[in-house]
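Everything below concerns the one structure shown next.
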Amino acid sequence: MVVPALDELCARSPALYTIAPTRSFLDGLAAYLLKQHEGNPAGLADVTIFLPTRRAGRSLAEAFLRQAGPSPAATLLPVIRTLGDIGEDDTLLADLTVPQADLPPPLTPIERRLTLARLVFQRQAAEQANGGPAPSWTTALAAADELSRLLDSFYTEQVSFDALETLVPERFAHHWQLSIDFLKIVTDLWPAHLSAHGRLDPADYRRRTIDALTALWDGDAGGTTPSHPVILAGSTGSMPAVARLMKVIAAMPSGCVILPGLDTQLDEAAWTEIEDPHPQAGLKYLLERHFTETPWYDVPDWPDANNGSEKRADRRALISLALRPAEATGDWLERLEAFRSRTDIADALSGLSLCEAMDEEAEAQAIAIALREALETEKKTAILVTPDRPLARRVSARLARWDIALDDSAGVPFANTPRGNFLRLTAAWLEAPHDPQALLGLLKHPLARAGMAAEEYLPAVSAIDRALRGRPPGRGFASLKERLRNGAEWDALSRDDDGEEREADHWPVIRPLIERLEEIAAPFAEERLPLQERISRHIAAAEALAERPDEPGTDILWARADGEAGSQLLTALHEQSGLLPDSESAAYSDIFTALITGTPVRPQGQGHPRLRILGPLEARLQQADLVILGGLNEGIWPDDSETDPFLSRPMRRELGLPSPERQIGLAAHDFAQLACAPEVLLTRARRSGRAPAKPSRWIVRLKNVLTATKTLESVDVTHKLEGWSHALDDAGLPQPATAPKPTPPTDARPDTFYVTAIEKLLRDPYSIYAKYVLGLRKLSPLSDDQMLAMRGRFYHHLFARFAIEHSDGMPGNPIAILTAYADELFDKAGLEPAVRAFWQTRMEDSFNWFIGYHEERLSQGTPLIIEGQGAASLDIAGRTMTLRARADRIDQLADGSLFIQDYKTGEPPTDRQAEKFSPQLQLTGLIAERGGFGLSPKGEPRISGYAYVKVLNRTARTKDTIATGDDAREKLEEAESAIIELLTQFNNPDQPYLSQPRPFYRDDYGDYDHLARRGEWSTGGESE
C-alpha cells in the first residue's frame, strides 16, 4: 500500500482527517511523519504540530522515539505546541506566542484568584454595613474559585458580560435575582480592574492569542499562510477559538487537521439525533459549524504508515452501537441482529472485561490486582484512567504492598503533602499555642525539630505528651508553660482513678524545647497583625521549627517536590500580598488552608515506568496495553452533578453558555476512545458509602448489548478478581482467642492495692494483671474528655479546703468563701471561661447543699481526716499485703467513734453494690481501725458509720448510701473477711486473673478489653 505524501494530504480541501480509536493516535501520527522524512530527517523540524494538552505533547515526543526503532539515527523533532482544552488547568496559558499580537500581559492564576476574592470580600464588607454578616476571606476565596470558572466559560465561549444585563430578573426565582446582582463583580468590577491595570484575564488572553494566530494565517482575511507544514491533531474543537483555528489550518495549502475518533460509520439517522451527551456531539458541532461542506462520513482516515489493517474494528462498532443516541434506538433490535450477522462477537469482546465490585474498597483492590498482574508480562504497560481521586489514592495505597509506586497525573494537593501538612499544623499551633492537640500534632511531625538534636528533642516531646495528659487546656502560651513547669502543684486535680499520683516532674527535660517554642511563637502572638504579615511570621516560624543543629530550616522545608511547589506558591502569595485583606475575623489556620488549597504537586518520575494513573483529560490520545477505566458510576464518570452556583440552566441557555451535558459529551468521547484499547477493564463499585451506586449510563448501555447477545458472563470478571482479592488476604480459618487466664508467680503479683482498685479486682481481675503485673497504663486523653473526672476532683478540693479551714464552726457568708475558693482554683487549673460558665450553672446549688451538710456534720462531731492518706498491712499466707486509701473526710463524733464520708459527683453506689463490688468505705474503715491515717490501732476510736454522699445535681429524691451503728459494724466485718479471702485467693500462683468473669457484673467496657480480646470469646459476642 502506497502511503500518500504530506503535501498530497494537505492539498485536500478541507484537509480534514481522523484516526480511529482502535489505533494509537500519537504513534500513528509519529510513524507517518517519520516515514515521510526518511530521506530528510532534518526536514521534520520544519513541521509544526498543535496538540490539545502538554501531556499529549510529551507523549508525542515519546512516540517518535518508539517509532524510530531501537537504534534511531539522529532526528530532530517537529515543533510541538499545545493549545489547551476546556478544563485543562495546567495549560490555561498556552505555550503559544504570536509576535504580531500586541496583547496586554495576562494575570497569573493566583493573582486572578486573590483579586476576585478581594472584590468579593469588599462586597461582603459593604453588605455588613447594611446589616449583613461579617466578611470572611475563606468564603471569599471559595466564591472566587467559582467566579473563575464562570469567567472561563464567558471568555472561552466569547459571551459578553453585557448579556447578563439582558436577563429579565422577574422571570427567575428570587435567589437567582440576587445572584445576578452579585455578578456585578463580573460585569462591572472585573473589567474595570483589568482595564485600570492594563492586564487580561488568563482565559481571555489564551483566546485572544489563538485568535491572533488564526488571523495571522487566514489568507481569506489578508493573513499570510505559512509555507511549512502545520498539523493540528487530537482536538475536538470544544473551544470556539480553537475550532476557528482548525478551520483556517485545514484550508491552508500546507496544513491539515486530524480529528480523534470521528465515527464515520455512523448512519444518518443516528448522526441527526446526536445531542450534547453523545460521544460524537463535539465533533458534530465542529463539522456542522465550521466544515459544512464536509459530511462526517466523508472524512478520510489518516494513513497508516505501517500498512497495518485496523484492529479491533468490531470493538469500535460494538461501542458505537451501545452508545447510539436514544432517539435513534427505535430499530435497536434489528440493528443488533444486523451487527451480529456481520460481526464476530468474540472478536469484538476480545480483551474487554467488566468488574462490578462490591464497594469502593473492593474496586480499588481489584484494580490493584489487575495492574500487578500486568507487570507479569514483560514490557506490558497499563494505565488507570479515572476522575475519582479517592479511588486513585486507594489503588496507590494497595499497590504499596508490592512496593509499587504510581505516578498520578493529578498529583497531590500541596495542602496534603508532608510539607503542606507541616505548614497547616504550624498555623494551627500558632493560633492556639496552649492547645495540647495542636502542640503535639506539630511536634510529632517528622519535619519538626526546633533546632535540637534528635536525642534531646524526642524525649522532650514524649515528656510533654505525658505531662499534658489528664490536665485541662489553658489559654495562651504562658498558661501552657506554667502548667508544664508547676506540674507538682496539681495533686488535687491530677490523681488517677486508683488514687495514684502523677509521674515525677518532667520540667528539666521539657524546659529547653518549651523555651525554644516560646521564642518561635512570640512574634505571632502580637494582635491586629495584617494578614500578609501573619503569613510572613508563620513561614518564619515553620522554618525555625524545621531547623536542625546541622541544617537550616529553609533547606529542609523547601526541599523535594512538595517543598518546591510550596515555595513557588508562597512566593506568589507574598508578591500579591497587597491583595490580601488587612484583617480577618476567621481563624488564621482556616484562611491559610484556603489559600494553599487547589495547588497540585505533580509527580517527578518516581513511579513505576510501566504503570500510571491518569485523569480522563490527561488520558486523551494516550495508549497502553491495558487500560483500566475506573469509577464508572453516575455522578463520578460522568459527573452529572456539576451545577453553576450563579446561573440556572435557563440563564445559561439564554446567555449562550454551554449546558452541563456538553461536558458529559466530552467525557463520553473519552470513554469511547479508551474503551477501544487492546485490553480494557471497566470497573465500578456497586455501593458508594452506605448507599447503592448507580452505574454509569455507558455501562448500562454496554450491558444491555451484552445481555441481548448473551455474552455478559464472558466479559464479567468480577468473581475472578474478587476471588483473587480474597485469596490475597486470606489468613485461613479464623482462630478466635480463648479467654485469657494469666497466672504469674506470686512474687510478680501486686502486694499493694488502693481500696478503689478492689472493685476492679472483683469485677475484672485481668485489668489488675495488665496494670500492675505487666505495667501497662491507660493514657489520659488530651481533649476535654477529661473534664468530667476533673470536675469531681474540683469539688473534692473545694470541700476539703473549706472543711479544713472551718472545722471549728461555720463562718459568715460561706457562699462567698466557697466562690472565692472556686475562682482561685479555676485560675490555677487554667480552665477556660466556657468551662467556668458551664460548671457555675450547678455550682451554687452544690454550695448551698454543702454548707447545710457541713453544718450538720459539725453539730455531730469534728473533721479529723480531710483528704488524708492511709495504709494498713495484712498478713496473707505469710506475705505482707498493703491496703491504701485516700479518705475524703473522716469525722470524729461526740462519742469518739469515726464516721467516714466519700463525695460523689455522679451517682453513689447502691447498698448492694457497696456491699458486693464497691467496698471502698468499708475497707477505708478497716485501714483506720488498723492504725492507718495516723490513728491508734486496735482500739478506740472505732468506726460507727460511713456514707457515700452525692454532692452535685441533688434533687428531692436523691438518696445517699449510708450505713450506721450495728449495720455499719456488720458490713465492716464482712468486708474484712471478704478482703482477706480475696487477697488470699489471688496470692495463690494457680489463681488466674480472668477478664470480666461475672456476666451480671461486667463493666460496659474495660480499659484492657482489647488486650484480653474480649470481643472474640465473650458470650455476648461484643466487638472490641
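Letters A, B, ... go to the chains of the C-alpha cells in the order shown; residues in each chain start at 1; ligands are counted from 1 in the same order.
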Skip segment 324-328 of chain A itself and residues of its chain fewer than 2 positions away, then list as a ChimeraX atom specification all residues within 9 Å of it, counting only C-alpha atoms. /A:266,269-275,277-278,319-322,330-332,701
If you keep C-alpha atoms, can you produce a file of those selected residues as a compact mmCIF listing (two decimals), in the first residue's frame?
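Wrote it out as out-v1.txt, contents follow:
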```
# COMPACT_ATOMS: atom_id res chain seq x y z
CA LEU A 266 -22.48 6.13 11.97
CA ALA A 269 -30.45 8.60 11.40
CA ALA A 270 -28.13 8.35 14.38
CA TRP A 271 -25.98 11.33 13.34
CA THR A 272 -29.05 13.53 13.06
CA GLU A 273 -30.20 12.67 16.59
CA ILE A 274 -26.86 13.30 18.28
CA GLU A 275 -27.17 15.74 21.20
CA PRO A 277 -24.31 13.95 25.97
CA HIS A 278 -23.28 11.79 22.99
CA ILE A 319 -19.13 0.68 21.44
CA SER A 320 -20.81 2.79 18.75
CA LEU A 321 -23.91 0.60 18.83
CA ALA A 322 -24.05 0.59 22.63
CA GLY A 330 -36.36 2.54 17.71
CA ASP A 331 -34.90 -0.18 15.48
CA TRP A 332 -32.27 -1.20 18.00
CA ARG A 701 -25.86 0.69 27.58
```
Can you list every residue in segment 121-351 of chain A that DSSP puts in strand (DSSP E), as a list in words?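 Taking segment 121-351 of chain A and keeping strand (DSSP E) only, one gets Val230, Ile231, Leu232, Ala233, Gly255, Cys256, Val257, Ile258, Leu259 and Pro260 of chain A.
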Find the residues near segment 717-733 of chain A: any atom within 6 Å, counting only C-alpha atoms, skip ones fewer than 2 places away on the same chain, and give them as a PyMOL selection string. chain A and resi 354-356+366
Give me a file of those residues, with C-alpha atoms, as a PDB file, in the first residue's frame.
```pdb
ATOM      1  CA  LEU A 354     -16.071  -5.809  33.302  1.00  0.00           C
ATOM      2  CA  CYS A 355     -15.771  -5.823  37.094  1.00  0.00           C
ATOM      3  CA  GLU A 356     -18.624  -4.615  39.300  1.00  0.00           C
ATOM      4  CA  ALA A 366      -9.482  -5.392  42.041  1.00  0.00           C
TER       5      ALA A 366
END
```
Choose the residue, out of A:Arg791, A:Glu867, A:Val412, A:Gly607, that has the smallest atom-to-atom separation from Arg836 of chain A; count only C-alpha atoms.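 So, comparing all the options, the nearest one is A:Arg791.
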Excluding segment 560-566 of chain A and its own-chain neighbours fewer than 2 positions away, which residues fall within 7 Å of it when counting only C-alpha atoms? Please give them as a count of residues only. 9
What is the atom CA of Asp716 of chain A to atom CA of Asn704 of chain A distance in Å?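 For atom CA of Asp716 of chain A relative to atom CA of Asn704 of chain A, the distance reads 13.4 Å.
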Go through segment 313-500 of chain A and collect every residue that DSSP, computed from the backbone, puts in alpha helix (DSSP H); the answer should be as a VMD selection string. chain A and resid 313 to 322 332 to 342 345 to 349 360 to 374 389 to 399 418 to 431 436 to 443 454 to 468 477 to 485 491 to 494
Surrounding residues of Thr224 of chain A excluding itself and chain neighbours under 2 positions, 12 Å, only C-alpha atoms, as a ChimeraX atom specification: /A:100,213-222,226-228,248-249,252-254
Write a file of the selected residues as a CSV table (one decimal), in the first residue's frame, keeping N, CA and C atoms.
```
chain,number,residue,atom,x,y,z
A,100,GLN,N,3.1,39.1,16.4
A,100,GLN,CA,2.3,40.2,15.9
A,100,GLN,C,1.2,40.6,16.8
A,213,LEU,N,-3.4,34.2,16.1
A,213,LEU,CA,-2.7,33.3,15.2
A,213,LEU,C,-3.6,32.9,14.1
A,214,THR,N,-4.9,32.7,14.4
A,214,THR,CA,-5.9,32.4,13.3
A,214,THR,C,-5.9,33.6,12.3
A,215,ALA,N,-5.9,34.8,12.8
A,215,ALA,CA,-6.0,36.0,11.8
A,215,ALA,C,-4.7,36.1,11.1
A,216,LEU,N,-3.5,35.7,11.7
A,216,LEU,CA,-2.2,35.8,11.1
A,216,LEU,C,-2.2,34.8,9.9
A,217,TRP,N,-2.8,33.6,10.0
A,217,TRP,CA,-2.7,32.6,9.0
A,217,TRP,C,-3.9,32.6,8.1
A,218,ASP,N,-4.9,33.4,8.3
A,218,ASP,CA,-6.1,33.3,7.5
A,218,ASP,C,-5.9,34.1,6.2
A,219,GLY,N,-5.6,33.4,5.1
A,219,GLY,CA,-5.4,34.0,3.9
A,219,GLY,C,-6.6,34.8,3.4
A,220,ASP,N,-7.8,34.3,3.6
A,220,ASP,CA,-9.0,35.0,3.2
A,220,ASP,C,-9.2,36.3,3.9
A,221,ALA,N,-8.6,36.5,5.0
A,221,ALA,CA,-8.7,37.8,5.8
A,221,ALA,C,-7.5,38.6,5.7
A,222,GLY,N,-6.6,38.3,4.7
A,222,GLY,CA,-5.5,39.1,4.5
A,222,GLY,C,-4.2,38.6,5.2
A,226,PRO,N,1.6,30.0,6.4
A,226,PRO,CA,3.0,29.6,6.5
A,226,PRO,C,3.3,28.6,5.4
A,227,SER,N,4.5,28.6,5.0
A,227,SER,CA,4.9,27.6,3.9
A,227,SER,C,5.3,26.3,4.5
A,228,HIS,N,5.6,26.2,5.7
A,228,HIS,CA,6.0,24.9,6.3
A,228,HIS,C,4.7,24.1,6.7
A,248,VAL,N,-9.1,27.3,9.7
A,248,VAL,CA,-8.0,28.0,8.9
A,248,VAL,C,-6.9,27.1,8.5
A,249,ILE,N,-6.4,26.2,9.5
A,249,ILE,CA,-5.3,25.3,9.2
A,249,ILE,C,-5.8,24.3,8.1
A,252,MET,N,-5.4,25.7,4.7
A,252,MET,CA,-4.1,26.2,4.2
A,252,MET,C,-3.5,25.1,3.3
A,253,PRO,N,-2.7,25.6,2.3
A,253,PRO,CA,-2.0,24.6,1.4
A,253,PRO,C,-1.1,23.6,2.1
A,254,SER,N,-0.6,24.1,3.2
A,254,SER,CA,0.4,23.2,3.9
A,254,SER,C,-0.1,22.7,5.3
```
